[in-house]
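Listing of query.pdb; format and content: PDB, C-alpha atoms and all ligand atoms.
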ATOM      1  CA  MET A   1      60.611 118.340  85.326
ATOM      2  CA  TYR A   2      60.057 122.081  85.901
ATOM      3  CA  ALA A   3      62.579 122.940  83.184
ATOM      4  CA  ALA A   4      61.107 120.416  80.729
ATOM      5  CA  LEU A   5      57.583 121.758  81.337
ATOM      6  CA  ALA A   6      58.851 125.314  80.825
ATOM      7  CA  GLU A   7      60.265 124.292  77.435
ATOM      8  CA  ALA A   8      57.067 122.455  76.515
ATOM      9  CA  LEU A   9      54.968 125.548  77.226
ATOM     10  CA  ALA A  10      57.238 128.016  75.413
ATOM     11  CA  GLU A  11      57.239 128.634  71.629
ATOM     12  CA  PRO A  12      57.600 125.081  70.230
ATOM     13  CA  ALA A  13      61.203 123.888  70.062
ATOM     14  CA  GLN A  14      62.357 121.290  67.528
ATOM     15  CA  TRP A  15      62.093 118.407  70.022
ATOM     16  CA  LEU A  16      58.369 119.057  70.392
ATOM     17  CA  CYS A  17      57.934 117.819  66.787
ATOM     18  CA  LEU A  18      58.953 114.288  67.819
ATOM     19  CA  PRO A  19      56.378 111.687  68.896
ATOM     20  CA  GLY A  20      55.432 112.180  72.574
ATOM     21  CA  ARG A  21      57.189 108.943  73.555
ATOM     22  CA  GLU A  22      60.516 110.470  72.475
ATOM     23  CA  TRP A  23      60.163 113.685  74.470
ATOM     24  CA  PRO A  24      62.394 114.139  77.513
ATOM     25  CA  LEU A  25      59.142 115.020  79.262
ATOM     26  CA  PHE A  26      57.790 111.521  78.648
ATOM     27  CA  GLU A  27      60.814 109.882  80.252
ATOM     28  CA  LEU A  28      60.544 112.175  83.256
ATOM     29  CA  ALA A  29      56.771 111.726  83.596
ATOM     30  CA  SER A  30      57.027 107.915  83.344
ATOM     31  CA  GLY A  31      59.714 107.852  86.041
ATOM     32  CA  LEU A  32      58.339 110.433  88.454
ATOM     33  CA  LEU A  33      54.562 110.326  87.931
ATOM     34  CA  PRO A  34      53.879 106.845  86.535
ATOM     35  CA  ASN A  35      50.201 106.955  87.608
ATOM     36  CA  SER A  36      49.447 110.309  85.980
ATOM     37  CA  THR A  37      46.946 110.144  83.110
ATOM     38  CA  ALA A  38      49.336 112.487  81.305
ATOM     39  CA  VAL A  39      51.676 109.531  80.631
ATOM     40  CA  PRO A  40      49.328 107.641  78.236
ATOM     41  CA  GLY A  41      48.297 111.012  76.784
ATOM     42  CA  LEU A  42      51.905 111.853  75.948
ATOM     43  CA  ALA A  43      52.485 108.350  74.545
ATOM     44  CA  LEU A  44      49.668 108.872  71.992
ATOM     45  CA  ILE A  45      51.102 112.094  70.546
ATOM     46  CA  GLN A  46      52.259 111.616  66.951
ATOM     47  CA  ASP A  47      55.170 113.414  65.328
ATOM     48  CA  GLU A  48      54.389 116.582  63.369
ATOM     49  CA  VAL A  49      56.242 119.264  61.405
ATOM     50  CA  LEU A  50      57.298 122.344  63.353
ATOM     51  CA  SER A  51      54.761 124.586  61.598
ATOM     52  CA  GLY A  52      51.998 122.223  62.778
ATOM     53  CA  ARG A  53      53.128 122.421  66.388
ATOM     54  CA  GLN A  54      53.497 126.202  66.059
ATOM     55  CA  ALA A  55      49.910 126.445  64.789
ATOM     56  CA  ARG A  56      48.696 124.553  67.869
ATOM     57  CA  TYR A  57      50.632 126.921  70.124
ATOM     58  CA  ALA A  58      49.251 129.969  68.294
ATOM     59  CA  ALA A  59      45.712 128.590  68.735
ATOM     60  CA  LEU A  60      46.403 128.133  72.434
ATOM     61  CA  ILE A  61      47.198 131.765  73.030
ATOM     62  CA  GLY A  62      44.901 133.027  70.239
ATOM     63  CA  GLY A  63      41.287 134.127  70.676
ATOM     64  CA  GLN A  64      39.697 137.560  70.769
ATOM     65  CA  PRO A  65      41.986 140.586  71.221
ATOM     66  CA  GLY A  66      42.627 140.883  74.964
ATOM     67  CA  GLN A  67      40.823 137.565  75.535
ATOM     68  CA  PRO A  68      43.103 134.648  74.637
ATOM     69  CA  HIS A  69      41.838 131.101  74.982
ATOM     70  CA  TYR A  70      44.163 130.616  77.933
ATOM     71  CA  TRP A  71      45.867 133.294  79.990
ATOM     72  CA  LEU A  72      49.461 132.152  80.457
ATOM     73  CA  TYR A  73      50.193 134.813  83.115
ATOM     74  CA  GLU A  74      49.487 134.489  86.820
ATOM     75  CA  SER A  75      47.953 137.924  87.340
ATOM     76  CA  ALA A  76      45.803 137.745  84.206
ATOM     77  CA  PHE A  77      44.746 134.151  84.935
ATOM     78  CA  LEU A  78      43.682 134.911  88.511
ATOM     79  CA  THR A  79      42.313 138.436  88.227
ATOM     80  CA  GLY A  80      41.964 139.222  84.517
ATOM     81  CA  ARG A  81      44.539 142.015  84.927
ATOM     82  CA  ILE A  82      47.800 141.951  82.990
ATOM     83  CA  LEU A  83      50.513 143.674  85.040
ATOM     84  CA  GLY A  84      48.691 143.168  88.327
ATOM     85  CA  GLU A  85      49.937 142.717  91.889
ATOM     86  CA  ALA A  86      51.197 139.175  91.193
ATOM     87  CA  THR A  87      53.323 140.386  88.273
ATOM     88  CA  PHE A  88      55.319 142.698  90.525
ATOM     89  CA  ALA A  89      55.434 140.257  93.441
ATOM     90  CA  VAL A  90      56.919 137.567  91.189
ATOM     91  CA  ALA A  91      59.453 140.024  89.723
ATOM     92  CA  LYS A  92      60.507 140.834  93.302
ATOM     93  CA  CYS A  93      61.066 137.118  94.039
ATOM     94  CA  TYR A  94      63.363 136.897  91.006
ATOM     95  CA  SER A  95      65.367 139.974  91.941
ATOM     96  CA  GLN A  96      65.746 138.742  95.556
ATOM     97  CA  ALA A  97      67.319 135.598  94.081
ATOM     98  CA  GLY A  98      69.606 137.759  91.900
ATOM     99  CA  LEU A  99      67.711 136.877  88.704
ATOM    100  CA  GLN A 100      65.689 138.713  86.101
ATOM    101  CA  VAL A 101      63.627 137.835  83.043
ATOM    102  CA  GLU A 102      65.340 138.588  79.752
ATOM    103  CA  GLY A 103      63.450 139.864  76.724
ATOM    104  CA  SER A 104      59.847 141.018  76.687
ATOM    105  CA  GLU A 105      58.282 138.101  78.617
ATOM    106  CA  LEU A 106      56.290 139.163  81.694
ATOM    107  CA  PRO A 107      57.732 137.808  84.966
ATOM    108  CA  ASP A 108      54.534 136.003  85.984
ATOM    109  CA  GLY A 109      54.314 133.993  82.750
ATOM    110  CA  VAL A 110      54.052 130.219  82.991
ATOM    111  CA  VAL A 111      57.483 129.764  81.374
ATOM    112  CA  PRO A 112      59.526 132.085  83.678
ATOM    113  CA  GLU A 113      57.723 130.780  86.775
ATOM    114  CA  LEU A 114      58.567 127.175  85.848
ATOM    115  CA  ALA A 115      62.153 128.110  84.996
ATOM    116  CA  PHE A 116      62.449 129.868  88.366
ATOM    117  CA  LEU A 117      61.093 126.782  90.159
ATOM    118  CA  SER A 118      63.706 124.689  88.371
ATOM    119  CA  TYR A 119      66.401 127.051  89.672
ATOM    120  CA  LEU A 120      64.985 126.994  93.219
ATOM    121  CA  ALA A 121      64.640 123.191  93.247
ATOM    122  CA  ALA A 122      68.370 122.939  92.558
ATOM    123  CA  ASN A 123      69.499 125.720  94.884
ATOM    124  CA  ASP A 124      66.993 126.360  97.642
ATOM    125  CA  PRO A 125      64.241 123.768  98.234
ATOM    126  CA  SER A 126      62.601 125.802 101.040
ATOM    127  CA  ALA A 127      62.325 128.838  98.716
ATOM    128  CA  GLU A 128      60.857 126.474  96.093
ATOM    129  CA  GLN A 129      58.089 125.500  98.529
ATOM    130  CA  LYS A 130      57.461 129.161  99.394
ATOM    131  CA  PHE A 131      57.184 130.182  95.727
ATOM    132  CA  LEU A 132      54.864 127.246  95.029
ATOM    133  CA  LYS A 133      52.639 128.213  97.946
ATOM    134  CA  GLU A 134      52.533 131.949  97.190
ATOM    135  CA  HIS A 135      52.400 131.815  93.384
ATOM    136  CA  ALA A 136      52.762 128.741  91.173
ATOM    137  CA  ALA A 137      50.384 126.401  93.018
ATOM    138  CA  LEU A 138      47.670 129.095  93.065
ATOM    139  CA  TRP A 139      47.151 128.921  89.326
ATOM    140  CA  LEU A 140      49.288 126.424  87.402
ATOM    141  CA  PRO A 141      47.212 123.328  88.399
ATOM    142  CA  SER A 142      44.050 125.146  87.213
ATOM    143  CA  LEU A 143      45.743 126.259  84.000
ATOM    144  CA  GLY A 144      46.900 122.655  83.480
ATOM    145  CA  GLN A 145      43.369 121.338  84.049
ATOM    146  CA  ALA A 146      41.942 123.900  81.621
ATOM    147  CA  LEU A 147      44.454 122.761  78.983
ATOM    148  CA  ALA A 148      43.670 119.112  79.759
ATOM    149  CA  ARG A 149      39.974 119.752  79.073
ATOM    150  CA  GLY A 150      40.806 121.415  75.737
ATOM    151  CA  THR A 151      40.541 119.824  72.317
ATOM    152  CA  ASP A 152      44.243 119.840  71.422
ATOM    153  CA  PRO A 153      45.732 116.449  72.381
ATOM    154  CA  VAL A 154      49.308 117.799  72.493
ATOM    155  CA  TYR A 155      48.594 120.571  74.976
ATOM    156  CA  ALA A 156      45.952 118.509  76.800
ATOM    157  CA  ALA A 157      48.643 115.987  77.801
ATOM    158  CA  ILE A 158      51.139 118.729  78.685
ATOM    159  CA  GLY A 159      48.441 120.511  80.726
ATOM    160  CA  GLN A 160      47.576 117.345  82.644
ATOM    161  CA  LEU A 161      51.234 116.834  83.476
ATOM    162  CA  LEU A 162      51.598 120.468  84.546
ATOM    163  CA  SER A 163      48.637 120.109  86.890
ATOM    164  CA  ASP A 164      49.780 116.773  88.361
ATOM    165  CA  TRP A 165      53.399 117.870  88.807
ATOM    166  CA  ILE A 166      52.711 121.199  90.484
ATOM    167  CA  THR A 167      50.099 119.602  92.752
ATOM    168  CA  ARG A 168      52.595 116.931  93.760
ATOM    169  CA  ALA A 169      55.455 119.406  94.205
ATOM    170  CA  ALA A 170      53.326 121.668  96.411
ATOM    171  CA  SER A 171      52.404 118.779  98.675
ATOM    172  CA  ARG A 172      55.885 117.276  98.715
ATOM    173  CA  ALA A 173      56.956 118.684 102.071
ATOM    174  CA  PRO A 174      54.405 116.820 104.221
ATOM    175  CA  THR A 175      54.828 113.582 102.266
ATOM    176  CA  LEU A 176      58.598 113.372 102.581
ATOM    177  CA  PRO A 177      59.754 110.131 104.132
ATOM    178  CA  ALA A 178      60.307 110.126 107.873
ATOM    179  CA  SER A 179      63.746 111.082 109.100
ATOM    180  CA  GLY A 180      66.418 108.652 107.951
ATOM    181  CA  GLN A 181      64.189 106.810 105.464
ATOM    182  CA  LEU A 182      65.091 106.747 101.811
ATOM    183  CA  THR A 183      62.983 106.613  98.656
ATOM    184  CA  CYS A 184      65.506 104.468  96.768
ATOM    185  CA  ALA A 185      67.803 101.513  97.261
ATOM    186  CA  ARG A 186      70.904 103.016  95.671
ATOM    187  CA  LEU A 187      72.647 106.354  95.868
ATOM    188  CA  PRO A 188      75.312 108.030  93.762
ATOM    189  CA  ALA A 189      78.869 108.088  95.134
ATOM    190  CA  LEU A 190      82.121 109.455  93.690
ATOM    191  CA  ARG A 191      84.773 106.860  92.985
ATOM    192  CA  GLU A 192      87.604 109.381  93.083
ATOM    193  CA  ALA A 193      86.372 112.709  94.441
ATOM    194  CA  SER A 194      89.578 114.610  93.662
ATOM    195  CA  ALA A 195      89.185 113.845  89.929
ATOM    196  CA  CYS A 196      85.713 115.451  89.785
ATOM    197  CA  THR A 197      85.993 118.707  87.836
ATOM    198  CA  LEU A 198      82.789 120.158  89.333
ATOM    199  CA  CYS A 199      81.460 120.623  85.802
ATOM    200  CA  GLY A 200      77.917 120.202  87.163
ATOM    201  CA  PHE A 201      76.575 118.076  84.268
ATOM    202  CA  CYS A 202      75.383 115.424  86.688
ATOM    203  CA  ALA A 203      73.401 118.009  88.691
ATOM    204  CA  GLN A 204      71.856 119.365  85.490
ATOM    205  CA  ARG A 205      70.627 115.863  84.585
ATOM    206  CA  CYS A 206      69.178 115.150  88.036
ATOM    207  CA  PRO A 207      65.361 115.344  87.672
ATOM    208  CA  THR A 208      64.609 115.745  91.377
ATOM    209  CA  GLY A 209      67.179 118.289  92.572
ATOM    210  CA  ALA A 210      68.867 115.620  94.719
ATOM    211  CA  LEU A 211      72.262 116.460  93.251
ATOM    212  CA  VAL A 212      73.147 120.164  93.188
ATOM    213  CA  VAL A 213      76.177 122.399  92.834
ATOM    214  CA  ARG A 214      76.294 125.005  95.603
ATOM    215  CA  GLU A 215      78.632 127.959  95.768
ATOM    216  CA  THR A 216      79.670 130.194  98.621
ATOM    217  CA  SER A 217      82.118 133.068  98.290
ATOM    218  CA  ASP A 218      85.055 130.756  98.917
ATOM    219  CA  GLN A 219      83.909 127.225  98.057
ATOM    220  CA  THR A 220      82.091 125.219  95.394
ATOM    221  CA  ALA A 221      80.494 121.908  96.366
ATOM    222  CA  LEU A 222      78.700 119.032  94.656
ATOM    223  CA  VAL A 223      76.010 118.205  97.203
ATOM    224  CA  LEU A 224      73.728 115.161  97.506
ATOM    225  CA  LEU A 225      70.345 115.457  99.233
ATOM    226  CA  ALA A 226      69.823 111.738  99.749
ATOM    227  CA  LYS A 227      66.115 111.911 100.618
ATOM    228  CA  SER A 228      65.279 113.466  97.237
ATOM    229  CA  CYS A 229      67.184 110.812  95.266
ATOM    230  CA  THR A 230      65.136 108.221  93.355
ATOM    231  CA  GLY A 231      68.183 106.148  92.380
ATOM    232  CA  CYS A 232      67.465 106.685  88.658
ATOM    233  CA  GLY A 233      71.194 106.709  87.765
ATOM    234  CA  ARG A 234      71.010 109.603  85.261
ATOM    235  CA  CYS A 235      73.843 111.397  87.068
ATOM    236  CA  ALA A 236      76.110 108.365  86.710
ATOM    237  CA  ALA A 237      75.270 108.002  83.013
ATOM    238  CA  VAL A 238      76.234 111.584  82.153
ATOM    239  CA  CYS A 239      79.591 111.832  83.935
ATOM    240  CA  ASP A 240      82.255 111.920  81.206
ATOM    241  CA  THR A 241      84.973 110.833  83.527
ATOM    242  CA  ALA A 242      82.762 107.983  84.837
ATOM    243  CA  LEU A 243      83.374 109.124  88.376
ATOM    244  CA  ILE A 244      79.908 108.489  89.694
ATOM    245  CA  ARG A 245      78.721 105.026  90.465
ATOM    246  CA  MET A 246      75.433 103.943  91.974
ATOM    247  CA  GLU A 247      75.999 102.184  95.274
ATOM    248  CA  PRO A 248      73.432  99.980  96.956
ATOM    249  CA  VAL A 249      72.074 101.152 100.299
ATOM    250  CA  PRO A 250      71.168  98.347 102.704
ATOM    251  CA  PRO A 251      67.481  98.660 103.655
ATOM    252  CA  THR A 252      68.402  98.826 107.325
ATOM    253  CA  GLU A 253      70.910 101.650 106.939
ATOM    254  CA  VAL A 254      69.876 104.956 108.502
ATOM    255  CA  VAL A 255      70.873 107.727 106.138
ATOM    256  CA  SER A 256      71.363 111.247 107.402
ATOM    257  CA  ASP A 257      68.920 113.914 106.192
ATOM    258  CA  ALA A 258      71.766 116.419 106.044
ATOM    259  CA  PRO A 259      73.133 117.562 102.665
ATOM    260  CA  ARG A 260      76.266 115.541 101.889
ATOM    261  CA  ALA A 261      79.173 117.182 100.043
ATOM    262  CA  LEU A 262      80.522 114.670  97.516
ATOM    263  CA  ARG A 263      83.182 117.075  96.274
ATOM    264  CA  LEU A 264      84.483 120.357  97.697
ATOM    265  CA  SER A 265      86.863 122.787  96.100
ATOM    266  CA  GLU A 266      88.006 126.305  96.965
ATOM    267  CA  ARG A 267      87.168 129.115  94.538
ATOM    268  CA  VAL A 268      90.036 130.847  92.793
ATOM    269  CA  PRO A 269      90.139 134.651  93.337
ATOM    270  CA  CYS A 270      90.703 137.009  90.406
ATOM    271  CA  ARG A 271      94.324 138.176  90.473
ATOM    272  CA  ALA A 272      93.260 141.774  89.756
ATOM    273  CA  CYS A 273      90.112 142.424  91.821
ATOM    274  CA  GLY A 274      90.124 139.502  94.249
ATOM    275  CA  GLN A 275      86.519 138.472  93.471
ATOM    276  CA  PRO A 276      85.928 134.690  93.546
ATOM    277  CA  MET A 277      85.880 133.065  90.090
ATOM    278  CA  VAL A 278      85.514 129.393  89.225
ATOM    279  CA  SER A 279      86.452 126.519  91.519
ATOM    280  CA  ARG A 280      90.054 125.307  91.714
ATOM    281  CA  ALA A 281      88.800 121.969  90.327
ATOM    282  CA  GLU A 282      87.400 123.603  87.163
ATOM    283  CA  MET A 283      90.457 125.842  86.810
ATOM    284  CA  ASP A 284      92.835 122.866  87.005
ATOM    285  CA  PHE A 285      90.767 121.048  84.374
ATOM    286  CA  VAL A 286      90.890 124.030  81.991
ATOM    287  CA  ILE A 287      94.655 124.438  82.539
ATOM    288  CA  LYS A 288      95.080 120.764  81.665
ATOM    289  CA  GLN A 289      93.212 121.323  78.396
ATOM    290  CA  ILE A 290      94.653 124.645  77.183
ATOM    291  CA  GLY A 291      97.719 125.376  79.315
ATOM    292  CA  HIS A 292      97.924 128.398  81.603
ATOM    293  CA  PRO A 293      97.666 131.679  79.682
ATOM    294  CA  THR A 294      98.031 134.753  81.934
ATOM    295  CA  TRP A 295      94.514 136.022  81.195
ATOM    296  CA  LEU A 296      93.059 132.929  82.857
ATOM    297  CA  ASP A 297      93.940 134.383  86.273
ATOM    298  CA  ASN A 298      91.624 137.370  85.744
ATOM    299  CA  CYS A 299      87.834 137.405  85.950
ATOM    300  CA  PRO A 300      85.997 138.373  82.702
ATOM    301  CA  ALA A 301      85.480 141.960  83.943
ATOM    302  CA  CYS A 302      89.209 142.470  84.648
ATOM    303  CA  ARG A 303      90.313 140.733  81.445
ATOM    304  CA  MET A 304      88.990 143.448  79.130
ATOM    305  CA  PRO A 305      90.916 146.452  80.490
ATOM    306  CA  ALA A 306      94.038 144.350  81.016
ATOM    307  CA  TYR A 307      94.163 142.662  77.609
ATOM    308  CA  GLY A 308      91.874 144.748  75.389
TER
HETATM  309  S1  LIG B   1      80.740 113.927  89.188
HETATM  310 FE1  LIG B   1      81.258 114.001  86.995
HETATM  311  S2  LIG B   1      79.552 115.111  85.997
HETATM  312 FE2  LIG B   1      79.387 115.492  88.236
HETATM  313  S3  LIG B   1      80.461 117.424  88.571
HETATM  314 FE3  LIG B   1      81.986 115.776  88.913
HETATM  315  S4  LIG B   1      82.983 115.475  86.899
HETATM  316 FE4  LIG B   1      81.095 116.665  86.532
HETATM  317  S1  LIG B   2      70.361 108.886  90.979
HETATM  318 FE1  LIG B   2      71.422 110.798  90.486
HETATM  319  S2  LIG B   2      70.157 111.775  88.893
HETATM  320 FE2  LIG B   2      68.870 110.187  89.851
HETATM  321  S3  LIG B   2      67.734 111.275  91.496
HETATM  322 FE3  LIG B   2      69.599 110.422  92.449
HETATM  323  S4  LIG B   2      71.119 112.061  92.334
HETATM  324 FE4  LIG B   2      69.468 112.595  90.895
END

Can the structure from this file be put into structure tokens for me?
Amino acid sequence: MYAALAEALAEPAQWLCLPGREWPLFELASGLLPNSTAVPGLALIQDEVLSGRQARYAALIGGQPGQPHYWLYESAFLTGRILGEATFAVAKCYSQAGLQVEGSELPDGVVPELAFLSYLAANDPSAEQKFLKEHAALWLPSLGQALARGTDPVYAAIGQLLSDWITRAASRAPTLPASGQLTCARLPALREASACTLCGFCAQRCPTGALVVRETSDQTALVLLAKSCTGCGRCAAVCDTALIRMEPVPPTEVVSDAPRALRLSERVPCRACGQPMVSRAEMDFVIKQIGHPTWLDNCPACRMPAYG
């Protein structure tokens, strides 16, 4: 949801021209926030040419010089100052996670903050809660409400969803089910774990961050956080090798809160510098597809000097 909202609030992409009912955002909102008033709002959005959607976006950030209709930056939204304290604090959060914003976008913009939350939801749920508490939840629900009160039906529905989602995400920790309880009646399982290539497509499709790929210096793992799973089945639908199946969970079964590794594979070290590269599972898959050229054993940095 974070990633879809980030796309919806960036320069309009082609998919935004479709009717609201056909947006990935609509599917996610209907499944995860069925009672949000954003859902009927999204359903009413008609299709439109890209230039029409772009004009709406331009109107959103237009206004007087230095006084746009809506500030889409945390520092400016909260204090009226572009490049304020929040801008630098957010940039620090990104660099601590080993990330940075590319291009000219300011770090505390609505789009990079949502993209960062999407990354944290998949990799570090406690850091996600911290970032929500210290940054995103301080302003994104208000920005969403301001958009929802506006006259543009497209961005009013997106704004309502932004407000509802961030509010829900920020209060998720205390409302998690009690230990051992589940929110769904079925969970994904791997039919043949050793055949999983650790491609990560299933984790990318997971809307709740229940399925994630985690890497340490020597291992890659496909991990299931059962309590975050809604049983939607998207992960099973995307797996090319049809390795995932949804298995029923008896209502009486006590499921551990602990992350569960569905697939583990060592990481292959670069033959030249010894730094960990991809997982053995991915490497074996690539070798099966293209054979085993010598350069495959080197990381990208060591390939250039060795092979020009
Ligand atoms: S279960 Fe399927 S989609 Fe997921 S990482 Fe393994 S091969 Fe890829
Ligand atoms: S069923 Fe799969 S995609 Fe859906 S929430 Fe659970 S792990 Fe994620």

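Atom CA of A:Pro19 to atom CA of A:Ala38 spans 14.3 Å [interatomic distance, one decimal].
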
Chain A residues near ligand LIG 2 (chain B) within 8 Å, closest pair each, using all atoms listed in the file, as a Markdown table:
| residue | atom | partner | partner_atom | distance |
| --- | --- | --- | --- | --- |
| A:Arg186 | CA | B:LIG2 | S1 | 7.5 |
| A:Leu187 | CA | B:LIG2 | S1 | 6.0 |
| A:Pro188 | CA | B:LIG2 | S1 | 5.7 |
| A:Cys202 | CA | B:LIG2 | S2 | 6.7 |
| A:Ala203 | CA | B:LIG2 | S2 | 7.0 |
| A:Arg205 | CA | B:LIG2 | S2 | 6.0 |
| A:Cys206 | CA | B:LIG2 | S2 | 3.6 |
| A:Pro207 | CA | B:LIG2 | FE4 | 5.9 |
| A:Thr208 | CA | B:LIG2 | S3 | 5.5 |
| A:Gly209 | CA | B:LIG2 | FE4 | 6.4 |
| A:Ala210 | CA | B:LIG2 | S4 | 4.8 |
| A:Leu211 | CA | B:LIG2 | S4 | 4.6 |
| A:Leu224 | CA | B:LIG2 | S4 | 6.6 |
| A:Leu225 | CA | B:LIG2 | S4 | 7.7 |
| A:Ala226 | CA | B:LIG2 | FE3 | 7.4 |
| A:Ser228 | CA | B:LIG2 | S3 | 6.6 |
| A:Cys229 | CA | B:LIG2 | FE3 | 3.7 |
| A:Thr230 | CA | B:LIG2 | S3 | 4.4 |
| A:Gly231 | CA | B:LIG2 | S1 | 3.8 |
| A:Cys232 | CA | B:LIG2 | FE2 | 4.0 |
| A:Gly233 | CA | B:LIG2 | S1 | 4.0 |
| A:Arg234 | CA | B:LIG2 | S2 | 4.3 |
| A:Cys235 | CA | B:LIG2 | S2 | 4.1 |
| A:Ala236 | CA | B:LIG2 | FE1 | 6.5 |
| A:Met246 | CA | B:LIG2 | S1 | 7.2 |

So for ligand LIG 1 (chain B), what box centre and size do we get, axis-aligned, 6 Å extra on each of the six sides, every listed atom, Å to one decimal, as lines of an AutoDock Vina configuration file?
center_x = 81.2
center_y = 115.7
center_z = 87.6
size_x = 15.6
size_y = 15.5
size_z = 15.2

message: Let me make sure I understand: among A:Phe285, A:Phe88, A:Phe201, A:Phe77, which one has the smallest atom-to-atom distance to ligand LIG 1 (chain B) if we use only C-alpha atoms and all ligand atoms?
response: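 So, comparing all the options, the nearest one is A:Phe201.
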
- prompt: Between atom CA of A:Gly200 and atom CA of A:Glu282, what is the distance, to one decimal in Å?
  reply: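 Distance between the two atoms: 10.1 Å.
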
query: atom CA of A:Tyr94 to atom CA of A:Ala122: how many Å, to one decimal?
result: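 Computing it gives 14.9 Å between the two atoms.
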
- prompt: Residues within 8 Å of ligand LIG 1 (chain B) (all atoms listed in the file), as number ranges by chain?
  reply: A: 190, 193, 195-203, 213, 222, 235-236, 238-244, 263

- request: Could you give me, as a VMD selection string, the residues within 9 Å of stretch 155-157 of chain A, counting only C-alpha atoms and dropping anything in the same chain fewer than 2 positions from it?
  value: chain A and resid 8 to 9 37 to 42 45 56 to 57 60 144 to 153 159 to 162
